[in-house]
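Visitor: One structure follows; several queries about it will come next.
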Amino acid sequence: MTLSVGAQVAAPRPHRFRATLRANDIGAVRVNRLRTSAVSASRTSASLADPHSELLAVVVVQSGEVTVEQQQTCWRVGSGELGFLDFGETFDVALAGRGDYLFAYLPRAVLAARSVDAGALAGAVVGDGPLTRMLRGVLGQFAESDLGAGESSELALVEHAVVDLCVALIRAASGRAADSAASGNLNRSRAIEFVENNFTDPTLTVARVASALNVSSRYLHKLFEGEKHSVYELIRRRRVARGLDLLVDPTHAHLSIGQVACRSGFVGSSQFGRAVRQLTGSTPRVIRREGTVPVSAAGSA
């Protein structure tokens with residue numbers, strides 16, 4: 001199927017995975033109906049040279065839920081709703097639970113002829129409504145029909161009808177597409193805030209931060225690629241900063257180095273000592289004895 005060819009697919013429970021697919025080509029448009037248990041798909045940069053890069057998928061959720069991460073944006077399409085997936089960009093997609101999904105794969109050239117920008121729909125979702133229900137009924141019928149064996153003139157008419165209906169929904173969604181930069185900034189701020197509120201928990205990991213934001217670790221990593229520090233480094237530096245504050249604070253002089261480490265989110269004094277040396281060039285004991293934080297560490301930790 002198009003989704004499995006254009007992306008790497010994995011099931012969280014392979015031994016229980018069940019799926020059925022019905023597909024039909026209507027001129028230049030491919031229609032799929034996928035009934036599946038939980039499954040995820042990733043399209044990487046290595047795949048972008050394949051023919052699927054010329055496609056935009058219109059996804060209609062009959063039942064279940066789709067979570068999409070693309071263009072530094074994360075969004076959900078629920079039951080009765082419609083969303084979009086650009087095969088010209090990398091993405092991560094998760095289909096939750098047992099669901100019934102309809103896909104219409106539209107060539108970019110067909111959309112461009114109707115002045116539609118396939119790359120500007122990240123985050124756009126169309127709710128349940130007359131047009132969505134109409135497309136749902138049409139795709140459901142066409143996915144399991146034998147239209148591919150019909151007369152070419154009939155196919156052309158059906159193809160135009162499907163494309164026109166999809167374009168109407170795309171235009172309805174055009175004002176709802178997320179601003180990728182704004183969405184990325186918001187998610188970065190949420191991640192930083194979560195780290196700030198939880199860094200003293202020694203079990204805090206990048207995976208936990210991603211889970212709290214309802215995104216994948218891979219997406220979170222990409223989100224911070226252009227930033228000064230990764231999420232992992234933010235956690236480590238915040239813990240070191242807290243530890244340094246405790247070391248030079250006379251009111252905490254009664255705490256051992258191990259206790260300072262634990263109160264800062266480290267699992268022990270050895271891990272704390274290594275992190276302090278890497279970021280300051282000094283040791284916890286020296287910093288405590290001198291009662292000051294090295295100048296280089298004050299600006300970087």
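Within each chain, counting starts at residue 1; across the structure tokens, chains are named A, B, ... in the order shown, with ligands numbered 1 upward in that order.
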Compile the contact shell of range 273-280 of chain A as a PyMOL selection string: residues with an atom at most 12 Å away, counting only C-alpha atoms, same-chain residues fewer than 2 positions apart removed.
Guide: chain A and resi 233+235-245+247+257-258+260-262+264-271+282-288+292-301
Visitor: Name the residues in contact with Phe87 in chain A at a cut-off of 7 Å, using only C-alpha atoms, excluding same-chain residues fewer than 2 positions from it; report them as a list of chain:residue names.
Guide: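 Here the qualifying residues turn out to be A:His52, A:Ser53, A:Glu54, A:Leu55, A:Leu56, A:Leu85, A:Glu89.
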Visitor: Which neighbours of Ala41 in chain A fall inside 12 Å, counting only C-alpha atoms, when residues of the same chain fewer than 3 positions from it are skipped, and could you give them as a PyMOL selection string?
Guide: chain A and resi 2-12+38+44+66-69+85+87+90-96
Visitor: Store the residues of this selection in a file with N, CA and C atoms, as an mmCIF file, in the first residue's frame.
Guide:
data_model
loop_
_atom_site.group_PDB
_atom_site.id
_atom_site.type_symbol
_atom_site.label_atom_id
_atom_site.label_comp_id
_atom_site.auth_asym_id
_atom_site.auth_seq_id
_atom_site.Cartn_x
_atom_site.Cartn_y
_atom_site.Cartn_z
ATOM 1 N N THR A 2 0.329 2.384 -0.364
ATOM 2 C CA THR A 2 1.127 3.595 -0.486
ATOM 3 C C THR A 2 1.796 3.959 0.826
ATOM 4 N N LEU A 3 1.053 3.874 1.930
ATOM 5 C CA LEU A 3 1.609 4.268 3.214
ATOM 6 C C LEU A 3 2.806 3.403 3.585
ATOM 7 N N SER A 4 2.701 2.094 3.380
ATOM 8 C CA SER A 4 3.785 1.206 3.780
ATOM 9 C C SER A 4 4.971 1.303 2.834
ATOM 10 N N VAL A 5 4.729 1.644 1.566
ATOM 11 C CA VAL A 5 5.831 1.790 0.632
ATOM 12 C C VAL A 5 6.572 3.094 0.873
ATOM 13 N N GLY A 6 5.834 4.138 1.203
ATOM 14 C CA GLY A 6 6.439 5.444 1.374
ATOM 15 C C GLY A 6 6.953 5.729 2.760
ATOM 16 N N ALA A 7 6.793 4.785 3.691
ATOM 17 C CA ALA A 7 7.208 5.017 5.072
ATOM 18 C C ALA A 7 7.557 3.694 5.732
ATOM 19 N N GLN A 8 8.332 3.790 6.797
ATOM 20 C CA GLN A 8 8.669 2.605 7.582
ATOM 21 C C GLN A 8 7.573 2.396 8.620
ATOM 22 N N VAL A 9 6.959 1.216 8.595
ATOM 23 C CA VAL A 9 5.797 0.948 9.437
ATOM 24 C C VAL A 9 6.168 -0.029 10.549
ATOM 25 N N ALA A 10 5.663 0.252 11.751
ATOM 26 C CA ALA A 10 5.928 -0.634 12.892
ATOM 27 C C ALA A 10 4.687 -0.713 13.761
ATOM 28 N N ALA A 11 4.436 -1.900 14.305
ATOM 29 C CA ALA A 11 3.308 -2.106 15.215
ATOM 30 C C ALA A 11 3.840 -2.287 16.630
ATOM 31 N N PRO A 12 3.245 -1.633 17.631
ATOM 32 C CA PRO A 12 3.724 -1.775 19.008
ATOM 33 C C PRO A 12 3.574 -3.207 19.534
ATOM 34 N N ALA A 38 -3.345 -0.742 16.266
ATOM 35 C CA ALA A 38 -2.372 0.344 16.447
ATOM 36 C C ALA A 38 -1.127 0.106 15.595
ATOM 37 N N THR A 44 11.419 9.088 6.404
ATOM 38 C CA THR A 44 12.703 9.728 6.674
ATOM 39 C C THR A 44 13.198 10.470 5.438
ATOM 40 N N VAL A 66 -5.556 9.645 14.619
ATOM 41 C CA VAL A 66 -4.258 9.781 13.961
ATOM 42 C C VAL A 66 -3.493 10.917 14.632
ATOM 43 N N THR A 67 -2.244 10.652 15.016
ATOM 44 C CA THR A 67 -1.357 11.700 15.507
ATOM 45 C C THR A 67 -0.261 11.909 14.471
ATOM 46 N N VAL A 68 -0.072 13.154 14.053
ATOM 47 C CA VAL A 68 0.897 13.475 13.004
ATOM 48 C C VAL A 68 1.925 14.455 13.542
ATOM 49 N N GLU A 69 3.188 14.197 13.227
ATOM 50 C CA GLU A 69 4.275 15.123 13.524
ATOM 51 C C GLU A 69 4.972 15.431 12.212
ATOM 52 N N LEU A 85 -1.465 14.880 5.084
ATOM 53 C CA LEU A 85 -0.131 14.335 5.272
ATOM 54 C C LEU A 85 0.660 14.563 3.999
ATOM 55 N N PHE A 87 3.651 13.920 1.718
ATOM 56 C CA PHE A 87 4.701 12.938 1.508
ATOM 57 C C PHE A 87 5.979 13.574 0.955
ATOM 58 N N THR A 90 9.426 14.815 5.639
ATOM 59 C CA THR A 90 9.516 13.731 6.617
ATOM 60 C C THR A 90 8.347 13.839 7.580
ATOM 61 N N PHE A 91 7.955 12.707 8.153
ATOM 62 C CA PHE A 91 6.865 12.728 9.130
ATOM 63 C C PHE A 91 6.930 11.511 10.027
ATOM 64 N N ASP A 92 6.225 11.611 11.138
ATOM 65 C CA ASP A 92 5.930 10.481 12.023
ATOM 66 C C ASP A 92 4.427 10.454 12.219
ATOM 67 N N VAL A 93 3.832 9.285 12.047
ATOM 68 C CA VAL A 93 2.387 9.141 12.164
ATOM 69 C C VAL A 93 2.087 7.955 13.070
ATOM 70 N N ALA A 94 1.094 8.099 13.931
ATOM 71 C CA ALA A 94 0.647 6.994 14.777
ATOM 72 C C ALA A 94 -0.863 6.842 14.618
ATOM 73 N N LEU A 95 -1.297 5.637 14.300
ATOM 74 C CA LEU A 95 -2.720 5.308 14.248
ATOM 75 C C LEU A 95 -3.040 4.561 15.536
ATOM 76 N N ALA A 96 -3.928 5.119 16.343
ATOM 77 C CA ALA A 96 -4.176 4.587 17.685
ATOM 78 C C ALA A 96 -5.275 3.546 17.688
#
Visitor: Just how far from CA of Phe103 in chain A is CA of Leu34 in chain A, in Å to one decimal?
Guide: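 CA of Leu34 in chain A sits 8.0 Å away from CA of Phe103 in chain A.
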Visitor: Closest to Arg263 in chain A among A:Gly123, A:Val206, A:Leu102, A:Asn198, using only C-alpha atoms?
Guide: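 Selected residue with least distance to Arg263 in chain A: A:Asn198.
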Visitor: Counting only C-alpha atoms, figure out which residue out of A:Arg289, A:Arg171, A:Arg43, A:Lys222 gets nearest to Thr73 in chain A.
Guide: A:Lys222
Visitor: Pick from A:Leu82, A:Val158, A:Leu204, A:Ala143: nearest to Val31 in chain A, with only C-alpha atoms counted?
Guide: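 Under the stated criterion, the closest residue is A:Ala143.
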Visitor: Write out as a list in words the residues lying within 8 Å of Leu213 in chain A, counting only C-alpha atoms and excluding same-chain residues fewer than 2 positions away.
Guide: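 Answer for this query is Asn187, Arg190, Ala191, Val209, Ala210, Ser211 and Val215 of chain A.
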Visitor: Keeping N, CA and C atoms, export the residues of the selection given above as a PDB file, in the first residue's frame.
Guide:
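Output file part-v4.pdb follows:
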ATOM      1  N   ASN A 187       6.138  24.572  21.550  1.00  0.00           N
ATOM      2  CA  ASN A 187       6.546  23.276  22.090  1.00  0.00           C
ATOM      3  C   ASN A 187       7.905  23.352  22.773  1.00  0.00           C
ATOM      4  N   ARG A 190       7.222  24.819  26.128  1.00  0.00           N
ATOM      5  CA  ARG A 190       6.594  23.819  26.999  1.00  0.00           C
ATOM      6  C   ARG A 190       7.630  22.830  27.518  1.00  0.00           C
ATOM      7  N   ALA A 191       8.562  22.439  26.652  1.00  0.00           N
ATOM      8  CA  ALA A 191       9.598  21.494  27.062  1.00  0.00           C
ATOM      9  C   ALA A 191      10.506  22.115  28.123  1.00  0.00           C
ATOM     10  N   VAL A 209      10.047  13.918  28.948  1.00  0.00           N
ATOM     11  CA  VAL A 209       9.672  15.260  28.502  1.00  0.00           C
ATOM     12  C   VAL A 209       8.806  15.151  27.251  1.00  0.00           C
ATOM     13  N   ALA A 210       9.224  14.296  26.309  1.00  0.00           N
ATOM     14  CA  ALA A 210       8.449  14.108  25.080  1.00  0.00           C
ATOM     15  C   ALA A 210       7.055  13.582  25.390  1.00  0.00           C
ATOM     16  N   SER A 211       6.982  12.624  26.300  1.00  0.00           N
ATOM     17  CA  SER A 211       5.690  12.055  26.672  1.00  0.00           C
ATOM     18  C   SER A 211       4.777  13.111  27.286  1.00  0.00           C
ATOM     19  N   VAL A 215       4.473  14.141  22.279  1.00  0.00           N
ATOM     20  CA  VAL A 215       5.203  14.065  21.018  1.00  0.00           C
ATOM     21  C   VAL A 215       6.240  12.953  21.146  1.00  0.00           C
TER      22      VAL A 215
END
Visitor: Which residue, A:Asp128, A:Glu196, A:Glu159, A:Asp50, has the smallest gap to Glu81 in chain A when you use only C-alpha atoms?
Guide: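 Nearest to Glu81 in chain A: A:Asp128.
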